[in-house]
$ cat final_7.pdb   # PDB, C-alpha atoms and all ligand atoms
ATOM      1  CA  MET A  12      91.698 102.618  93.908
ATOM      2  CA  THR A  13      92.809 105.801  95.648
ATOM      3  CA  ARG A  14      94.178 108.348  93.194
ATOM      4  CA  LEU A  15      97.715 109.555  93.868
ATOM      5  CA  THR A  16      98.449 113.266  93.980
ATOM      6  CA  SER A  17     101.513 114.955  92.541
ATOM      7  CA  GLU A  18     102.467 115.733  96.139
ATOM      8  CA  ASP A  19     102.420 112.003  97.010
ATOM      9  CA  ILE A  20     105.020 111.260  94.319
ATOM     10  CA  SER A  21     107.080 114.460  94.492
ATOM     11  CA  ASN A  22     110.125 112.629  95.936
ATOM     12  CA  VAL A  23     110.118 109.632  93.618
ATOM     13  CA  GLU A  24     112.185 111.084  90.769
ATOM     14  CA  SER A  25     114.918 112.359  93.077
ATOM     15  CA  ASP A  26     114.581 109.356  95.407
ATOM     16  CA  ALA A  27     114.881 112.007  98.079
ATOM     17  CA  ILE A  28     113.543 109.608 100.699
ATOM     18  CA  GLY A  29     116.430 107.200 100.030
ATOM     19  CA  LEU A  30     114.064 104.297  99.594
ATOM     20  CA  ASP A  31     116.820 101.827  98.733
ATOM     21  CA  ASP A  32     118.785 102.633 101.878
ATOM     22  CA  ARG A  33     115.679 102.288 104.034
ATOM     23  CA  LEU A  34     114.678  99.038 102.367
ATOM     24  CA  VAL A  35     118.166  97.575 102.718
ATOM     25  CA  SER A  36     118.184  98.474 106.422
ATOM     26  CA  VAL A  37     114.940  96.592 107.128
ATOM     27  CA  THR A  38     114.851  93.861 104.481
ATOM     28  CA  GLY A  39     118.465  93.549 103.388
ATOM     29  CA  HIS A  40     117.402  94.225  99.794
ATOM     30  CA  ASP A  41     116.955  97.262  97.537
ATOM     31  CA  VAL A  42     114.029  97.936  95.183
ATOM     32  CA  ARG A  43     115.656  96.175  92.221
ATOM     33  CA  THR A  44     116.350  93.031  94.249
ATOM     34  CA  ILE A  45     112.827  92.976  95.686
ATOM     35  CA  ALA A  46     111.300  93.488  92.242
ATOM     36  CA  LEU A  47     113.333  90.625  90.749
ATOM     37  CA  GLU A  48     112.323  88.379  93.689
ATOM     38  CA  ALA A  49     108.692  89.378  93.119
ATOM     39  CA  ALA A  50     108.933  88.279  89.479
ATOM     40  CA  GLY A  51     110.727  85.029  90.326
ATOM     41  CA  LEU A  52     113.804  86.155  88.389
ATOM     42  CA  PRO A  53     117.401  85.584  89.506
ATOM     43  CA  GLN A  54     119.266  88.616  90.809
ATOM     44  CA  CYS A  55     121.735  88.490  87.938
ATOM     45  CA  VAL A  56     119.163  89.224  85.229
ATOM     46  CA  ASP A  57     120.491  92.059  83.083
ATOM     47  CA  LEU A  58     117.573  94.499  82.870
ATOM     48  CA  SER A  59     119.570  96.967  80.762
ATOM     49  CA  GLY A  60     118.619  94.901  77.705
ATOM     50  CA  PHE A  61     115.002  95.995  78.055
ATOM     51  CA  GLN A  62     113.473  99.233  76.833
ATOM     52  CA  VAL A  63     110.482 100.886  78.476
ATOM     53  CA  ALA A  64     108.258 103.702  77.228
ATOM     54  CA  VAL A  65     105.958 105.558  79.612
ATOM     55  CA  VAL A  66     102.833 107.014  78.034
ATOM     56  CA  PRO A  67     101.049 109.887  79.815
ATOM     57  CA  ILE A  68      97.294 109.307  79.781
ATOM     58  CA  THR A  69      94.950 112.312  79.791
ATOM     59  CA  SER A  70      91.602 110.462  80.010
ATOM     60  CA  GLY A  71      89.208 110.767  82.933
ATOM     61  CA  LEU A  72      90.696 112.902  85.715
ATOM     62  CA  GLY A  73      93.723 113.529  83.543
ATOM     63  CA  GLU A  74      97.445 113.432  84.116
ATOM     64  CA  ILE A  75      98.984 113.509  87.591
ATOM     65  CA  GLY A  76     101.872 115.970  87.690
ATOM     66  CA  GLY A  77     105.147 114.067  87.744
ATOM     67  CA  PHE A  78     103.537 110.628  87.346
ATOM     68  CA  ALA A  79     105.082 109.743  83.972
ATOM     69  CA  ARG A  80     108.471 111.181  84.987
ATOM     70  CA  SER A  81     108.338 109.155  88.206
ATOM     71  CA  LEU A  82     107.675 105.895  86.362
ATOM     72  CA  ASP A  83     110.509 106.696  83.957
ATOM     73  CA  ALA A  84     112.825 107.252  86.936
ATOM     74  CA  ILE A  85     111.747 103.960  88.560
ATOM     75  CA  ALA A  86     112.446 101.987  85.375
ATOM     76  CA  ARG A  87     115.933 103.533  85.131
ATOM     77  CA  HIS A  88     116.506 103.019  88.846
ATOM     78  CA  ILE A  89     116.207  99.233  88.448
ATOM     79  CA  GLY A  90     118.537  99.291  85.433
ATOM     80  CA  MET A  91     116.192  99.432  82.442
ATOM     81  CA  ARG A  92     116.369 101.867  79.552
ATOM     82  CA  SER A  93     113.354 104.159  79.571
ATOM     83  CA  HIS A  94     111.789 107.319  78.186
ATOM     84  CA  VAL A  95     108.482 109.183  78.273
ATOM     85  CA  THR A  96     106.714 109.404  74.913
ATOM     86  CA  SER A  97     106.297 112.844  73.395
ATOM     87  CA  ALA A  98     102.655 112.126  72.604
ATOM     88  CA  THR A  99      99.969 111.079  75.084
ATOM     89  CA  ASP A 100      97.200 108.471  74.995
ATOM     90  CA  VAL A 101      96.679 106.474  71.782
ATOM     91  CA  SER A 102      99.262 108.488  69.870
ATOM     92  CA  GLY A 103     101.748 107.925  72.667
ATOM     93  CA  PHE A 104     101.026 104.203  72.719
ATOM     94  CA  ALA A 105     101.495 104.013  68.927
ATOM     95  CA  GLU A 106     104.728 106.016  69.217
ATOM     96  CA  ALA A 107     105.990 103.598  71.850
ATOM     97  CA  VAL A 108     105.116 100.422  69.950
ATOM     98  CA  GLU A 109     106.442 101.771  66.628
ATOM     99  CA  SER A 110     109.720 102.730  68.316
ATOM    100  CA  GLY A 111     110.246  99.054  69.159
ATOM    101  CA  VAL A 112     110.226  99.219  72.941
ATOM    102  CA  ASP A 113     109.714  96.035  74.942
ATOM    103  CA  ILE A 114     107.347  97.395  77.578
ATOM    104  CA  VAL A 115     104.787 100.211  77.568
ATOM    105  CA  MET A 116     103.766 101.570  80.986
ATOM    106  CA  MET A 117     100.601 103.630  81.344
ATOM    107  CA  ALA A 118      97.734 104.277  83.727
ATOM    108  CA  ASP A 119      94.241 105.715  83.498
ATOM    109  CA  ASP A 120      91.907 106.203  86.467
ATOM    110  CA  ASP A 121      91.132 102.493  86.667
ATOM    111  CA  ARG A 122      94.086 100.451  85.444
ATOM    112  CA  PHE A 123      97.868 100.752  85.656
ATOM    113  CA  ILE A 124      99.670  98.305  83.362
ATOM    114  CA  ALA A 125     102.997  97.339  81.856
ATOM    115  CA  TYR A 126     102.162  96.086  78.350
ATOM    116  CA  ASN A 127     104.661  93.602  76.903
ATOM    117  CA  THR A 128     104.949  94.280  73.155
ATOM    118  CA  LEU A 129     106.414  90.839  72.432
ATOM    119  CA  THR A 130     103.924  88.671  74.317
ATOM    120  CA  GLY A 131     100.903  90.973  74.173
ATOM    121  CA  THR A 132     100.377  90.504  77.916
ATOM    122  CA  CYS A 133      99.641  93.133  80.568
ATOM    123  CA  ALA A 134     101.382  93.058  83.918
ATOM    124  CA  ASP A 135      99.020  94.761  86.366
ATOM    125  CA  ASN A 136     100.126  97.142  89.114
ATOM    126  CA  ALA A 137      97.763  95.634  91.692
ATOM    127  CA  LEU A 138      99.483  92.262  91.316
ATOM    128  CA  GLY A 139     102.905  93.857  91.128
ATOM    129  CA  THR A 140     102.193  95.779  94.321
ATOM    130  CA  ALA A 141     100.891  92.688  96.105
ATOM    131  CA  MET A 142     103.930  90.671  95.031
ATOM    132  CA  GLY A 143     106.453  93.352  95.868
ATOM    133  CA  TYR A 144     105.024  94.141  99.296
ATOM    134  CA  SER A 145     104.630  90.450 100.152
ATOM    135  CA  VAL A 146     108.337  90.007  99.393
ATOM    136  CA  VAL A 147     109.093  93.049 101.564
ATOM    137  CA  LEU A 148     107.161  91.537 104.492
ATOM    138  CA  ARG A 149     108.834  88.153 104.059
ATOM    139  CA  ASP A 150     112.311  89.650 103.881
ATOM    140  CA  ALA A 151     111.726  92.027 106.788
ATOM    141  CA  ALA A 152     110.378  89.147 108.908
ATOM    142  CA  GLY A 153     113.127  86.755 107.887
ATOM    143  CA  GLY A 154     110.617  84.361 106.338
ATOM    144  CA  LEU A 155     106.879  83.767 106.775
ATOM    145  CA  ARG A 156     106.524  79.969 106.761
ATOM    146  CA  GLY A 157     104.102  79.028 109.533
ATOM    147  CA  SER A 158     103.747  82.644 110.679
ATOM    148  CA  ASP A 159     100.408  84.353 111.310
ATOM    149  CA  VAL A 160     100.031  87.239 108.856
ATOM    150  CA  LEU A 161      97.180  89.740 108.656
ATOM    151  CA  VAL A 162      96.057  91.369 105.404
ATOM    152  CA  VAL A 163      94.125  94.592 106.017
ATOM    153  CA  GLY A 164      91.922  95.465 103.063
ATOM    154  CA  ALA A 165      90.026  93.022 100.852
ATOM    155  CA  GLY A 166      90.371  94.958  97.611
ATOM    156  CA  PHE A 167      92.421  94.084  94.515
ATOM    157  CA  VAL A 168      95.820  94.311  96.201
ATOM    158  CA  GLY A 169      94.708  92.690  99.466
ATOM    159  CA  THR A 170      93.119  89.753  97.657
ATOM    160  CA  GLN A 171      96.249  89.085  95.604
ATOM    161  CA  ALA A 172      98.428  89.526  98.685
ATOM    162  CA  ALA A 173      96.383  86.950 100.635
ATOM    163  CA  ARG A 174      97.005  84.404  97.865
ATOM    164  CA  ILE A 175     100.705  85.221  97.572
ATOM    165  CA  LEU A 176     101.363  85.213 101.327
ATOM    166  CA  ARG A 177      99.583  81.864 101.641
ATOM    167  CA  SER A 178     101.816  80.506  98.864
ATOM    168  CA  MET A 179     104.792  81.725 100.908
ATOM    169  CA  GLY A 180     103.609  79.449 103.738
ATOM    170  CA  ALA A 181     102.040  82.131 105.934
ATOM    171  CA  VAL A 182      98.868  81.471 107.963
ATOM    172  CA  VAL A 183      96.806  84.299 106.488
ATOM    173  CA  THR A 184      93.884  86.195 107.973
ATOM    174  CA  VAL A 185      92.047  88.928 106.048
ATOM    175  CA  THR A 186      90.097  91.794 107.577
ATOM    176  CA  ASP A 187      88.222  94.743 106.100
ATOM    177  CA  ILE A 188      85.891  97.481 107.346
ATOM    178  CA  VAL A 189      83.262  95.674 105.249
ATOM    179  CA  PRO A 190      83.261  92.204 106.879
ATOM    180  CA  SER A 191      81.463  90.579 103.965
ATOM    181  CA  LYS A 192      84.341  91.569 101.660
ATOM    182  CA  ALA A 193      86.856  89.912 103.979
ATOM    183  CA  ALA A 194      84.641  86.825 104.235
ATOM    184  CA  ALA A 195      84.402  86.601 100.440
ATOM    185  CA  VAL A 196      88.169  86.837  99.961
ATOM    186  CA  ALA A 197      88.734  84.313 102.756
ATOM    187  CA  ALA A 198      86.380  81.838 101.092
ATOM    188  CA  ALA A 199      87.920  82.379  97.657
ATOM    189  CA  GLU A 200      91.526  82.138  98.819
ATOM    190  CA  GLY A 201      91.163  79.499 101.527
ATOM    191  CA  VAL A 202      92.317  81.766 104.344
ATOM    192  CA  ALA A 203      90.750  82.981 107.598
ATOM    193  CA  TYR A 204      89.031  86.293 108.218
ATOM    194  CA  MET A 205      88.170  88.483 111.181
ATOM    195  CA  ASP A 206      85.192  90.842 111.268
ATOM    196  CA  ASP A 207      86.693  93.250 113.763
ATOM    197  CA  VAL A 208      89.591  95.212 112.229
ATOM    198  CA  ARG A 209      90.812  96.492 115.606
ATOM    199  CA  GLU A 210      90.876  92.991 117.117
ATOM    200  CA  ALA A 211      92.582  91.655 113.978
ATOM    201  CA  VAL A 212      95.327  94.293 114.019
ATOM    202  CA  SER A 213      95.944  94.009 117.761
ATOM    203  CA  SER A 214      96.284  90.223 117.516
ATOM    204  CA  HIS A 215      98.909  90.199 114.739
ATOM    205  CA  TRP A 216     102.453  91.572 114.522
ATOM    206  CA  LEU A 217     103.010  90.718 110.837
ATOM    207  CA  ILE A 218     100.716  92.896 108.722
ATOM    208  CA  LEU A 219     100.295  93.728 105.060
ATOM    209  CA  ASN A 220      98.172  96.855 104.927
ATOM    210  CA  ALA A 221      96.428  97.178 101.573
ATOM    211  CA  SER A 222      93.759  99.614 102.714
ATOM    212  CA  PRO A 223      93.504 103.394 102.312
ATOM    213  CA  GLY A 224      92.085 103.689 105.798
ATOM    214  CA  GLU A 225      93.910 104.783 108.959
ATOM    215  CA  ILE A 226      95.129 102.173 111.453
ATOM    216  CA  PRO A 227      95.286 103.936 114.858
ATOM    217  CA  GLY A 228      98.584 103.459 116.646
ATOM    218  CA  GLU A 229      96.983 102.116 119.809
ATOM    219  CA  TRP A 230      95.797  99.094 117.829
ATOM    220  CA  ILE A 231      99.325  98.148 116.830
ATOM    221  CA  ARG A 232     101.407  95.634 118.789
ATOM    222  CA  GLU A 233     104.883  96.611 119.909
ATOM    223  CA  GLY A 234     107.480  95.332 117.478
ATOM    224  CA  SER A 235     105.065  94.892 114.570
ATOM    225  CA  ILE A 236     106.387  94.551 111.042
ATOM    226  CA  ILE A 237     104.038  96.312 108.623
ATOM    227  CA  SER A 238     104.315  96.249 104.841
ATOM    228  CA  SER A 239     102.028  99.031 103.682
ATOM    229  CA  PRO A 240     101.311  99.817 100.022
ATOM    230  CA  GLY A 241      98.063 101.505 101.034
ATOM    231  CA  VAL A 242      97.724 105.054  99.687
ATOM    232  CA  PRO A 243      97.716 107.506 101.368
ATOM    233  CA  PHE A 244     100.235 106.666 104.131
ATOM    234  CA  SER A 245      98.143 106.885 107.265
ATOM    235  CA  PHE A 246     100.068 105.881 110.370
ATOM    236  CA  ASP A 247     100.190 108.230 113.351
ATOM    237  CA  ASP A 248     103.126 108.889 115.677
ATOM    238  CA  GLU A 249     102.007 106.174 118.092
ATOM    239  CA  ALA A 250     102.050 103.643 115.257
ATOM    240  CA  MET A 251     105.528 104.747 114.245
ATOM    241  CA  ARG A 252     106.648 104.346 117.884
ATOM    242  CA  ARG A 253     105.129 100.902 118.428
ATOM    243  CA  ALA A 254     105.980  99.265 115.094
ATOM    244  CA  ASP A 255     109.481  97.923 114.558
ATOM    245  CA  VAL A 256     109.119  98.374 110.766
ATOM    246  CA  ILE A 257     106.642 100.176 108.520
ATOM    247  CA  VAL A 258     107.538 100.013 104.820
ATOM    248  CA  HIS A 259     105.627 102.308 102.506
ATOM    249  CA  ASP A 260     106.211 104.050  99.219
ATOM    250  CA  PRO A 261     103.650 105.632  96.881
ATOM    251  CA  LEU A 262     104.773 104.026  93.623
ATOM    252  CA  GLU A 263     108.248 102.471  93.482
ATOM    253  CA  ILE A 264     107.974  98.892  94.786
ATOM    254  CA  GLY A 265     104.722  98.150  92.928
ATOM    255  CA  SER A 266     105.863  99.693  89.645
ATOM    256  CA  ALA A 267     109.304  98.052  89.756
ATOM    257  CA  SER A 268     107.700  94.654  90.485
ATOM    258  CA  MET A 269     105.224  95.153  87.646
ATOM    259  CA  LEU A 270     108.135  95.888  85.276
ATOM    260  CA  THR A 271     110.100  92.785  86.274
ATOM    261  CA  MET A 272     106.947  90.681  85.932
ATOM    262  CA  ALA A 273     106.534  92.013  82.401
ATOM    263  CA  VAL A 274     110.217  91.246  81.684
ATOM    264  CA  ALA A 275     109.746  87.707  82.992
ATOM    265  CA  GLU A 276     107.065  87.155  80.338
ATOM    266  CA  THR A 277     109.595  87.931  77.603
ATOM    267  CA  ILE A 278     112.247  85.702  79.154
ATOM    268  CA  ARG A 279     109.752  82.840  79.468
ATOM    269  CA  LYS A 280     108.541  83.277  75.881
ATOM    270  CA  THR A 281     111.929  83.637  74.211
ATOM    271  CA  GLY A 282     113.655  81.125  76.456
ATOM    272  CA  ARG A 283     116.822  82.409  74.863
ATOM    273  CA  VAL A 284     119.332  83.591  77.382
ATOM    274  CA  ASN A 285     123.058  84.131  77.115
ATOM    275  CA  MET A 286     125.086  82.202  79.619
ATOM    276  CA  PRO A 287     128.632  83.493  80.044
ATOM    277  CA  LEU A 288     131.323  80.911  79.230
ATOM    278  CA  GLY A 289     132.647  78.799  82.088
ATOM    279  CA  LEU A 290     129.479  78.731  84.112
ATOM    280  CA  GLY A 291     129.164  75.008  83.435
ATOM    281  CA  THR A 292     125.722  73.467  83.496
ATOM    282  CA  HIS A 293     122.826  75.555  84.685
ATOM    283  CA  SER A 294     119.375  74.558  85.722
ATOM    284  CA  ASN A 295     116.484  76.840  85.003
ATOM    285  CA  MET A 296     117.722  80.438  85.173
ATOM    286  CA  GLY A 297     120.856  79.987  87.181
ATOM    287  CA  GLY A 298     123.985  81.881  86.413
ATOM    288  CA  HIS A 299     124.260  85.233  84.722
ATOM    289  CA  VAL A 300     121.039  85.652  82.768
ATOM    290  CA  VAL A 301     120.921  88.141  79.920
ATOM    291  CA  ALA A 302     117.545  87.870  78.294
ATOM    292  CA  MET A 303     117.732  87.949  74.521
ATOM    293  CA  HIS A 304     114.755  89.526  72.819
ATOM    294  CA  ARG A 305     114.348  90.630  69.126
TER     295      ARG A 305
HETATM  296  C1  LIG B   1      98.826 103.951  90.218
HETATM  297  C2  LIG B   1      98.336 104.557  91.484
HETATM  298  C3  LIG B   1      98.578 103.780  92.747
HETATM  299  C4  LIG B   1      97.438 104.176  93.569
HETATM  300  N1  LIG B   1      96.506 104.747  92.859
HETATM  301  C5  LIG B   1      96.816 104.725  91.496
HETATM  302  C6  LIG B   1      96.441 106.023  90.765
HETATM  303  O1  LIG B   1      96.643 107.085  91.275
HETATM  304  N2  LIG B   1      95.917 105.850  89.523
HETATM  305  C7  LIG B   1      95.629 106.972  88.646
HETATM  306  C8  LIG B   1      96.834 107.198  87.751
HETATM  307  C9  LIG B   1      96.519 108.242  86.713
HETATM  308  C10 LIG B   1      97.736 108.612  85.874
HETATM  309  C11 LIG B   1      97.456 109.648  84.817
HETATM  310  C12 LIG B   1      98.758 109.992  84.103
HETATM  311  O2  LIG B   1      99.480 110.898  84.610
HETATM  312  O3  LIG B   1      99.059 109.350  83.085
HETATM  313  N3  LIG B   1      96.445 109.111  83.832
END

$ encode --input "final_7.pdb" --output "structure tokens" --more "lines below"
Ligand code: PYL
Amino acid sequence: MTRLTSEDISNVESDAIGLDDRLVSVTGHDVRTIALEAAGLPQCVDLSGFQVAVVPITSGLGEIGGFARSLDAIARHIGMRSHVTSATDVSGFAEAVESGVDIVMMADDDRFIAYNTLTGTCADNALGTAMGYSVVLRDAAGGLRGSDVLVVGAGFVGTQAARILRSMGAVVTVTDIVPSKAAAVAAAEGVAYMDDVREAVSSHWLILNASPGEIPGEWIREGSIISSPGVPFSFDDEAMRRADVIVHDPLEIGSASMLTMAVAETIRKTGRVNMPLGLGTHSNMGGHVVAMHR
């Protein structure tokens, strides 16, 4: 997993890049909507009933400047209540749990999780990122059923994305600079693979890029739609000219999707939701859903 730098995330707190506006222009949906879709929750879920605590973690390579503040801002941006704990590490986790929050978000050098204090489950950022960016690709493409989709990168995110995109009805091909990794994911997920990354990229116009490596612009087909969680962002000017859409952010879509996935665990476990009067009968989670918890 490539480690973010404080420079990578310097715009997250201020949302200076106007991610929502850019996402709405290419997918029709903002981060909150995409994150709820990624978690399989209806758009009317009231996230303000959930409290998040972000715990800075100093282990290993230590804190990333602005990381905890950025996560706090993302949680608020999708409508949740959130704060950063005053303590770090174990003390910060204890502070969060003892304060009665619903979700604890924290990351060391190897894992980035949203811990659900009610269910004891961990929503993982790799899955959240794969879900969120698969939804982005589907929405930007106007649906993926029967469409050829390429996943670049056979790591944690790419593997999950291959499974998710296949479940969305896409005809998935995986490629990686290490062909054996792509072959292994293809066998495990029941999808195709291509050894040659350049040939794979140049033969697809729907791409989920889950690799840290650069994809040279001359490989990219005109009009491509690229959903790209890969850190760092590595598309050259030619790529930006040829592609119709390239969606990338360093943290928001994956973190927001991880939070909604953690929230969905609570809703599933409690099963108690308030339905406003007059909505008549509802199946599943229809109508205005306000998750009750505690
Ligand atoms: C979560 C990001 C996405 C890509 N790479 C992952 C990464 O940079 N992980 C390291 C996160 C370290 C956070 C540090 C802190 O500030 O709490 N322990």

$ closest_residue --input "final_7.pdb" --among "A:Phe167, A:Asp159, A:Pro240, A:His94" --to "Glu263 (chain A)" --atoms "all atoms listed in the file"
A:Pro240

$ residues_near_point --input "final_7.pdb" --point "(99.1, 95.3, 119.5)" --cutoff "6 Å" --atoms "all atoms listed in the file" --output "PyMOL selection string"
chain A and resi 213+230-233

$ closest_residue --input "final_7.pdb" --among "A:Val242, A:Ala275, A:Ala203, A:Ala151" --to "ligand LIG 1 (chain B)" --atoms "only C-alpha atoms and all ligand atoms"
A:Val242

$ residues_around --input "final_7.pdb" --residues "region 173-178 of chain A" --least-positions-apart "6" --cutoff "8 Å" --atoms "all atoms listed in the file" --output "ChimeraX atom specification"
/A:141-142,145,155,160,162,184-185,200,202

$ write_last_selection --input "final_7.pdb" --atoms "C-alpha atoms" --output "PDB file, in the frame of the given file"
ATOM      1  CA  ALA A 141     100.891  92.688  96.105  1.00  0.00           C
ATOM      2  CA  MET A 142     103.930  90.671  95.031  1.00  0.00           C
ATOM      3  CA  SER A 145     104.630  90.450 100.152  1.00  0.00           C
ATOM      4  CA  LEU A 155     106.879  83.767 106.775  1.00  0.00           C
ATOM      5  CA  VAL A 160     100.031  87.239 108.856  1.00  0.00           C
ATOM      6  CA  VAL A 162      96.057  91.369 105.404  1.00  0.00           C
ATOM      7  CA  THR A 184      93.884  86.195 107.973  1.00  0.00           C
ATOM      8  CA  VAL A 185      92.047  88.928 106.048  1.00  0.00           C
ATOM      9  CA  GLU A 200      91.526  82.138  98.819  1.00  0.00           C
ATOM     10  CA  VAL A 202      92.317  81.766 104.344  1.00  0.00           C
TER      11      VAL A 202
END

$ atom_distance --input "final_7.pdb" --atom1 "CA of Tyr126 (chain A)" --atom2 "CA of Leu34 (chain A)"
27.2 Å

$ resolve_selection --input "final_7.pdb" --expression "the PyMOL selection byres (((chain A and resi 33) around 12) and not hetatm)" --output "count of residues only"
23

$ axis_aligned_box --input "final_7.pdb" --around "ligand LIG 1 (chain B)" --padding-each-side "5 Å" --output "AutoDock Vina command-line options"
--center_x 97.6 --center_y 107.3 --center_z 88.3 --size_x 13.9 --size_y 17.1 --size_z 20.5

$ residues_near_ligand --input "final_7.pdb" --ligand "ligand LIG 1 (chain B)" --cutoff "8 Å" --atoms "all atoms listed in the file" --output "compact mmCIF listing (two decimals) with C-alpha atoms, in the coordinates of the input"
# COMPACT_ATOMS: atom_id res chain seq x y z
CA MET A 12 91.70 102.62 93.91
CA THR A 13 92.81 105.80 95.65
CA ARG A 14 94.18 108.35 93.19
CA LEU A 15 97.72 109.56 93.87
CA THR A 16 98.45 113.27 93.98
CA VAL A 66 102.83 107.01 78.03
CA PRO A 67 101.05 109.89 79.82
CA ILE A 68 97.29 109.31 79.78
CA THR A 69 94.95 112.31 79.79
CA SER A 70 91.60 110.46 80.01
CA GLY A 71 89.21 110.77 82.93
CA LEU A 72 90.70 112.90 85.72
CA GLY A 73 93.72 113.53 83.54
CA GLU A 74 97.44 113.43 84.12
CA ILE A 75 98.98 113.51 87.59
CA GLY A 76 101.87 115.97 87.69
CA GLY A 77 105.15 114.07 87.74
CA PHE A 78 103.54 110.63 87.35
CA ALA A 79 105.08 109.74 83.97
CA MET A 117 100.60 103.63 81.34
CA ALA A 118 97.73 104.28 83.73
CA ASP A 119 94.24 105.72 83.50
CA ASP A 120 91.91 106.20 86.47
CA ASP A 121 91.13 102.49 86.67
CA ARG A 122 94.09 100.45 85.44
CA PHE A 123 97.87 100.75 85.66
CA ASN A 136 100.13 97.14 89.11
CA GLY A 241 98.06 101.50 101.03
CA VAL A 242 97.72 105.05 99.69
CA PRO A 261 103.65 105.63 96.88
CA LEU A 262 104.77 104.03 93.62

$ resolve_selection --input "final_7.pdb" --expression "the PyMOL selection byres (((chain A and resi 134) around 8) and not hetatm)" --output "PyMOL selection string"
chain A and resi 124-127+132-133+135-136+138-139+269-270+272-273

$ atom_distance --input "final_7.pdb" --atom1 "CA of Gly180 (chain A)" --atom2 "CA of Leu161 (chain A)"
13.1 Å

$ atom_distance --input "final_7.pdb" --atom1 "CA of Glu106 (chain A)" --atom2 "CA of Ala50 (chain A)"
27.3 Å

$ resolve_selection --input "final_7.pdb" --expression "the PyMOL selection byres (((chain A and resi 228) around 7) and not hetatm)" --output "number ranges by chain"
A: 226-227, 229-231, 246-247, 249-250

$ residues_around --input "final_7.pdb" --residues "Leu58 (chain A)" --least-positions-apart "3" --cutoff "6 Å" --atoms "all atoms listed in the file" --output "MDAnalysis selection string"
chainID A and resid 61 90:91

$ residues_near_point --input "final_7.pdb" --point "(88.1, 90.8, 100.7)" --cutoff "6 Å" --atoms "only C-alpha atoms" --output "ChimeraX atom specification"
/A:165-166,170,192-193,195-196

$ residues_around --input "final_7.pdb" --residues "Gly103 (chain A)" --least-positions-apart "4" --cutoff "10 Å" --atoms "only C-alpha atoms" --output "JSON, numbers by chain"
{"A": [64, 65, 66, 67, 68, 95, 96, 97, 98, 99, 107, 108, 109, 115, 117]}

$ write_last_selection --input "final_7.pdb" --atoms "C-alpha atoms" --output "mmCIF file, in the frame of the given file"
data_model
loop_
_atom_site.group_PDB
_atom_site.id
_atom_site.type_symbol
_atom_site.label_atom_id
_atom_site.label_comp_id
_atom_site.auth_asym_id
_atom_site.auth_seq_id
_atom_site.Cartn_x
_atom_site.Cartn_y
_atom_site.Cartn_z
ATOM 1 C CA ALA A 64 108.258 103.702 77.228
ATOM 2 C CA VAL A 65 105.958 105.558 79.612
ATOM 3 C CA VAL A 66 102.833 107.014 78.034
ATOM 4 C CA PRO A 67 101.049 109.887 79.815
ATOM 5 C CA ILE A 68 97.294 109.307 79.781
ATOM 6 C CA VAL A 95 108.482 109.183 78.273
ATOM 7 C CA THR A 96 106.714 109.404 74.913
ATOM 8 C CA SER A 97 106.297 112.844 73.395
ATOM 9 C CA ALA A 98 102.655 112.126 72.604
ATOM 10 C CA THR A 99 99.969 111.079 75.084
ATOM 11 C CA ALA A 107 105.990 103.598 71.850
ATOM 12 C CA VAL A 108 105.116 100.422 69.950
ATOM 13 C CA GLU A 109 106.442 101.771 66.628
ATOM 14 C CA VAL A 115 104.787 100.211 77.568
ATOM 15 C CA MET A 117 100.601 103.630 81.344
#

$ decode --input "final_7.pdb" --residues "region 93-108 of chain A" --atoms "C-alpha atoms" --output "PDB file, in the first residue's frame"
ATOM      1  CA  SER A  93     -17.195  13.438  14.165  1.00  0.00           C
ATOM      2  CA  HIS A  94     -14.172  14.487  16.193  1.00  0.00           C
ATOM      3  CA  VAL A  95     -10.483  13.649  16.525  1.00  0.00           C
ATOM      4  CA  THR A  96      -9.514  12.123  19.871  1.00  0.00           C
ATOM      5  CA  SER A  97      -7.181  14.123  22.079  1.00  0.00           C
ATOM      6  CA  ALA A  98      -5.055  11.047  22.731  1.00  0.00           C
ATOM      7  CA  THR A  99      -3.378   8.863  20.109  1.00  0.00           C
ATOM      8  CA  ASP A 100      -3.032   5.099  19.673  1.00  0.00           C
ATOM      9  CA  VAL A 101      -4.415   2.812  22.402  1.00  0.00           C
ATOM     10  CA  SER A 102      -5.302   5.719  24.672  1.00  0.00           C
ATOM     11  CA  GLY A 103      -7.110   7.390  21.799  1.00  0.00           C
ATOM     12  CA  PHE A 104      -8.993   4.203  20.975  1.00  0.00           C
ATOM     13  CA  ALA A 105     -10.019   3.808  24.640  1.00  0.00           C
ATOM     14  CA  GLU A 106     -11.075   7.472  24.748  1.00  0.00           C
ATOM     15  CA  ALA A 107     -13.207   6.949  21.657  1.00  0.00           C
ATOM     16  CA  VAL A 108     -14.905   3.765  22.859  1.00  0.00           C
TER      17      VAL A 108
END
